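Source file: entry-v1.txt. Holds: compact mmCIF, C-alpha atoms and all ligand atoms.
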# COMPACT_ATOMS: atom_id res chain seq x y z
CA MET A 12 36.10 136.80 73.91
CA SER A 13 39.01 135.17 72.06
CA SER A 14 40.02 131.59 71.45
CA LEU A 15 42.22 129.99 68.82
CA ARG A 16 39.55 127.32 68.47
CA VAL A 17 36.77 129.76 67.49
CA LYS A 18 36.69 131.91 64.34
CA ASN A 19 34.35 133.58 61.85
CA ILE A 20 31.80 134.63 64.46
CA LYS A 21 28.59 136.01 62.92
CA LYS A 22 26.10 137.68 65.28
CA THR A 23 22.41 138.27 64.46
CA VAL A 24 19.75 139.85 66.67
CA LEU A 25 16.68 137.60 66.82
CA SER A 26 14.75 139.67 69.34
CA ASP A 27 15.46 143.01 70.94
CA ASN A 28 12.40 143.60 73.04
CA TYR A 29 12.97 143.80 76.82
CA TYR A 30 16.25 141.92 76.79
CA THR A 31 18.20 140.68 73.74
CA LEU A 32 18.25 137.29 72.08
CA PHE A 33 21.14 136.73 69.64
CA LYS A 34 21.92 134.02 67.13
CA PHE A 35 25.61 133.23 66.71
CA ASN A 36 27.11 131.23 63.85
CA PHE A 37 30.78 130.34 64.20
CA ASP A 38 33.49 127.86 63.31
CA TYR A 39 34.67 125.71 66.22
CA GLN A 40 37.69 123.42 66.29
CA LYS A 41 36.95 120.17 68.13
CA SER A 42 39.46 118.37 70.35
CA ASP A 43 40.36 116.03 67.47
CA GLY A 44 41.40 119.05 65.35
CA SER A 45 38.45 118.99 62.95
CA TRP A 46 36.31 122.13 62.36
CA VAL A 47 32.50 122.28 62.73
CA LYS A 48 29.96 125.11 62.22
CA PRO A 49 27.72 125.36 65.30
CA MET A 50 24.81 127.76 65.78
CA ARG A 51 23.92 129.00 69.27
CA GLU A 52 21.08 131.17 70.53
CA VAL A 53 22.33 133.38 73.37
CA TYR A 54 20.07 135.40 75.66
CA GLU A 55 21.65 138.57 77.02
CA ARG A 56 19.99 140.16 80.03
CA GLY A 57 22.93 141.33 82.12
CA HIS A 58 24.22 139.81 85.31
CA GLY A 59 22.70 139.21 88.72
CA ALA A 60 23.28 139.08 92.44
CA GLY A 61 21.56 137.13 95.22
CA ILE A 62 21.89 136.90 99.00
CA LEU A 63 21.15 134.65 101.95
CA LEU A 64 20.18 136.77 104.96
CA TYR A 65 20.59 134.97 108.28
CA ASN A 66 20.27 135.74 111.97
CA THR A 67 22.28 133.54 114.32
CA LYS A 68 20.47 134.74 117.46
CA LYS A 69 16.99 133.94 116.14
CA GLN A 70 18.24 131.00 113.99
CA THR A 71 16.27 132.38 111.06
CA VAL A 72 16.77 133.20 107.40
CA ILE A 73 14.88 135.59 105.14
CA LEU A 74 13.55 134.24 101.87
CA ILE A 75 11.00 135.66 99.45
CA LYS A 76 8.10 134.23 97.50
CA GLN A 77 7.11 135.56 94.11
CA PHE A 78 5.32 134.58 90.92
CA ARG A 79 7.69 133.29 88.23
CA PHE A 80 5.82 133.03 84.95
CA PRO A 81 8.35 130.76 83.14
CA THR A 82 8.00 128.16 85.92
CA PHE A 83 4.20 128.46 85.74
CA VAL A 84 4.13 127.61 82.04
CA HIS A 85 6.37 124.63 82.74
CA ASP A 86 5.44 122.48 85.76
CA ASN A 87 5.08 124.80 88.78
CA LYS A 88 1.34 124.58 89.53
CA ASP A 89 0.65 128.01 91.08
CA GLY A 90 3.79 129.63 89.62
CA PHE A 91 5.14 130.81 93.00
CA LEU A 92 8.76 130.15 93.88
CA VAL A 93 10.59 130.50 97.20
CA GLU A 94 13.88 132.27 96.54
CA ILE A 95 16.69 134.31 97.99
CA PRO A 96 16.39 138.07 97.47
CA ALA A 97 18.07 138.75 94.11
CA GLY A 98 18.19 141.18 91.27
CA LEU A 99 19.80 142.32 88.08
CA LEU A 100 22.95 144.43 88.39
CA ASP A 101 21.73 147.23 86.13
CA GLN A 102 24.46 149.90 86.44
CA ASP A 103 25.59 148.81 89.91
CA ASN A 104 28.51 146.68 90.96
CA PRO A 105 27.42 143.36 92.55
CA GLU A 106 27.75 144.59 96.17
CA GLN A 107 25.80 147.81 95.51
CA CYS A 108 23.19 145.80 93.62
CA ILE A 109 22.54 143.30 96.37
CA ILE A 110 22.40 145.98 99.07
CA ARG A 111 19.83 147.90 96.95
CA GLU A 112 17.80 144.78 96.10
CA THR A 113 17.77 143.63 99.74
CA GLU A 114 16.20 146.90 100.80
CA GLU A 115 13.71 146.94 97.91
CA GLU A 116 12.64 143.32 98.28
CA VAL A 117 12.74 142.67 102.03
CA GLY A 118 13.16 146.12 103.65
CA ILE A 119 16.50 145.37 105.34
CA ARG A 120 19.23 148.03 105.04
CA LEU A 121 22.59 146.27 105.02
CA LYS A 122 25.95 147.98 105.50
CA SER A 123 28.14 145.10 104.40
CA VAL A 124 27.84 141.76 102.67
CA LYS A 125 30.16 138.79 102.14
CA LYS A 126 30.75 137.47 98.64
CA VAL A 127 30.90 133.67 98.58
CA TYR A 128 30.57 132.52 94.97
CA GLU A 129 30.32 133.71 91.38
CA GLY A 130 28.98 131.47 88.64
CA TYR A 131 27.15 131.27 85.32
CA SER A 132 23.39 130.77 85.76
CA SER A 133 22.72 128.66 82.69
CA PRO A 134 25.89 128.55 80.57
CA GLY A 135 24.37 126.86 77.53
CA VAL A 136 22.05 129.76 76.77
CA LEU A 137 22.49 132.75 79.11
CA THR A 138 25.44 135.15 79.32
CA GLU A 139 24.34 135.89 82.90
CA LYS A 140 26.75 135.46 85.78
CA MET A 141 25.36 135.36 89.32
CA HIS A 142 27.20 136.86 92.28
CA PHE A 143 26.33 135.09 95.53
CA PHE A 144 26.42 136.82 98.92
CA VAL A 145 25.58 136.13 102.54
CA ALA A 146 24.93 138.65 105.34
CA GLU A 147 23.84 138.59 108.94
CA TYR A 148 20.75 140.73 109.59
CA SER A 149 19.09 141.99 112.77
CA ASP A 150 15.66 143.47 113.48
CA ASP A 151 17.07 146.99 113.88
CA MET A 152 18.13 146.94 110.20
CA LYS A 153 14.48 146.84 109.13
CA VAL A 154 13.56 150.10 107.37
CA SER A 155 10.41 149.09 105.47
CA GLU A 156 8.15 146.17 104.65
CA GLY A 157 9.96 145.48 101.36
CA GLY A 158 7.80 143.81 98.74
CA GLY A 159 9.60 145.08 95.63
CA ILE A 160 8.97 148.04 93.36
CA ALA A 161 5.25 148.48 92.70
CA SER A 162 5.81 150.44 89.48
CA GLU A 163 7.71 147.44 88.10
CA ASN A 164 4.80 145.18 89.09
CA GLU A 165 6.92 143.40 91.65
CA ASP A 166 4.82 141.57 94.23
CA ILE A 167 7.09 139.96 96.77
CA GLU A 168 6.13 138.17 99.98
CA VAL A 169 8.81 138.24 102.67
CA LEU A 170 9.32 135.00 104.60
CA GLU A 171 11.34 135.00 107.81
CA ILE A 172 11.59 131.35 108.78
CA PRO A 173 13.71 129.11 111.01
CA PHE A 174 16.82 127.87 109.22
CA THR A 175 15.79 124.28 110.05
CA GLU A 176 12.47 124.87 108.24
CA ALA A 177 14.29 126.20 105.18
CA ILE A 178 16.49 123.08 105.17
CA ASP A 179 13.38 120.87 105.47
CA MET A 180 11.86 122.72 102.49
CA LEU A 181 15.10 122.18 100.57
CA ASN A 182 15.22 118.46 101.34
CA SER A 183 11.53 117.88 100.57
CA GLY A 184 11.81 119.56 97.15
CA LYS A 185 9.76 122.66 98.08
CA ILE A 186 12.67 124.93 97.15
CA GLU A 187 13.21 124.71 93.42
CA ASP A 188 15.32 127.78 92.72
CA THR A 189 18.93 126.66 92.19
CA ARG A 190 20.41 129.91 93.53
CA THR A 191 18.50 129.40 96.78
CA ILE A 192 19.62 125.77 96.93
CA VAL A 193 23.25 126.88 96.50
CA LEU A 194 23.18 129.40 99.35
CA LEU A 195 21.21 127.22 101.78
CA GLN A 196 23.74 124.47 101.18
CA TYR A 197 26.56 127.02 101.66
CA ALA A 198 25.04 127.87 105.05
CA GLN A 199 24.88 124.20 105.98
CA ILE A 200 28.42 123.38 104.84
CA HIS A 201 29.93 126.38 106.60
CA ASN A 202 27.76 126.18 109.75
CA LEU A 203 26.77 129.78 109.10
CA LEU A 204 24.14 129.90 111.83
CA ASN A 205 26.29 128.31 114.56
N1 LIG A 301 8.20 144.78 81.20
C1 LIG A 301 8.98 143.76 81.44
N2 LIG A 301 9.60 143.74 82.61
C2 LIG A 301 10.41 142.70 82.87
C3 LIG A 301 10.62 141.66 81.96
N3 LIG A 301 11.49 140.80 82.51
C4 LIG A 301 11.79 141.29 83.71
N4 LIG A 301 11.16 142.43 83.94
C5 LIG A 301 11.22 143.30 85.12
O1 LIG A 301 12.58 143.38 85.52
C6 LIG A 301 12.64 143.42 86.95
C7 LIG A 301 13.64 142.40 87.41
O2 LIG A 301 13.69 142.40 88.81
P1 LIG A 301 15.03 142.06 89.59
O3 LIG A 301 14.68 141.86 91.02
O4 LIG A 301 16.10 143.02 89.21
O5 LIG A 301 15.48 140.69 88.96
P2 LIG A 301 14.88 139.28 89.22
O6 LIG A 301 13.77 139.01 88.30
O7 LIG A 301 14.65 139.05 90.68
O8 LIG A 301 16.10 138.42 88.74
C8 LIG A 301 17.00 137.79 89.63
O9 LIG A 301 16.74 136.46 89.61
C9 LIG A 301 16.81 135.93 88.28
C10 LIG A 301 16.30 134.52 88.25
O10 LIG A 301 17.23 133.63 88.76
C11 LIG A 301 18.20 136.07 87.77
O11 LIG A 301 18.25 135.63 86.43
C12 LIG A 301 18.64 137.52 87.83
O12 LIG A 301 19.98 137.66 87.52
C13 LIG A 301 18.40 138.09 89.18
O13 LIG A 301 19.30 137.55 90.11
C14 LIG A 301 11.27 143.16 87.49
O14 LIG A 301 10.77 144.36 87.99
C15 LIG A 301 10.46 142.71 86.29
O15 LIG A 301 9.21 143.25 86.38
C16 LIG A 301 9.94 141.71 80.70
O16 LIG A 301 10.07 140.83 79.85
N5 LIG A 301 9.12 142.80 80.50
MG MG A 302 14.39 140.22 92.32

For this file, write the structure as structure tokens.
Amino acid sequence: MSSLRVKNIKKTVLSDNYYTLFKFNFDYQKSDGSWVKPMREVYERGHGAGILLYNTKKQTVILIKQFRFPTFVHDNKDGFLVEIPAGLLDQDNPEQCIIRETEEEVGIRLKSVKKVYEGYSSPGVLTEKMHFFVAEYSDDMKVSEGGGIASENEDIEVLEIPFTEAIDMLNSGKIEDTRTIVLLQYAQIHNLLN
């Protein structure tokens, strides 16, 4: 974190409950050379990884459905969102994380994954960077029903659906998670299931 156009950074903790919300005051030099004093609230909750699981033989993908409270209090009527399996890195590297999360959430034990993108989730407010993966799965990789970790109150429905149905859901606005949109479009652009 260094830039000749930023100085006098002052960091305050606003909330340190489950994750951490900071307030930053700093001096910022604009493109015209003048200095301003912005304030930014920054939410720090680590980084994440997500994956699109696909099967070329069956022409299917695996998505999950779970309750997302922040969407419920906004405009998502029942609060459920269709998403790619994903999770927070915790102490893992991105590859280890997504292999662990895939098994926890959908019960598929992967040996290898392919990294396709890395990007900030919401750069105006979150420090979080997402690592995007794809992997081919087969039925013999199934080791459990998945569903998430009960002790963490995870309650995940596993959806194995035709890729064409997932694309229809994307185009009709039924998929509203941007990470899922990104990877379904990646699959389309790169003819992943061909
Ligand atoms: N007690 C408590 N638990 C929480 C809270 N917030 C999250 N958790 C717990 O933290 C765990 C997070 O589960 P993960 O599977 O690791 O993460 P995720 O919620 O699926 O997040 C993924 O998607 C997010 C949304 O796009 C991403 O932001 C994130 O990086 C990751 O990819 C869940 O068990 C959830 O219960 C909280 O405020 N309080
Ligand atoms: Mg998750």

Which chains and residue numbers are within 6 Å of ligand MG 302 (chain A), counting only C-alpha atoms and all ligand atoms, if I want them as a VMD selection string? chain A and resid 96 to 98

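The set of protein, DNA and RNA residues with any counted atom at most 12 Å from (28.2, 128.0, 99.8) (all atoms listed in the file) reads Ile62, Leu63, Lys125, Lys126, Val127, Tyr128, Glu129, Gly130, His142, Phe143, Phe144, Val145, Arg190, Thr191, Ile192, Val193, Leu194, Leu195, Gln196, Tyr197, Ala198, Gln199, Ile200, His201, Asn202 and Leu203 of chain A.
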
May I ask which of the residues A:Tyr29, A:Trp46, A:Tyr54, A:Phe37 is the closest one to Leu137 (chain A), counting all atoms listed in the file?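 Looking at the shortest contact to Leu137 (chain A), the residue is A:Tyr54.
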
To check your reading of the model: which residues sit at most 10 Å from ligand LIG 301 (chain A) when counting all atoms listed in the file? Write the answer as a PyMOL selection string. chain A and resi 28-30+56-62+77-80+94-101+108-109+111-113+115-116+131-133+137+139-143+159-167+188-191

How far is it from CA of Thr82 (chain A) to CA of Glu114 (chain A), in Å with one decimal? 25.3 Å

Quote the spacing between CA of Leu204 (chain A) and CA of Asn66 (chain A) in Å to one decimal place. 7.0 Å

Within 8 Å of Met50 (chain A), counting all atoms listed in the file, which residues qualify if same-chain residues fewer than 4 places away don't, as a ChimeraX atom specification? /A:34-37
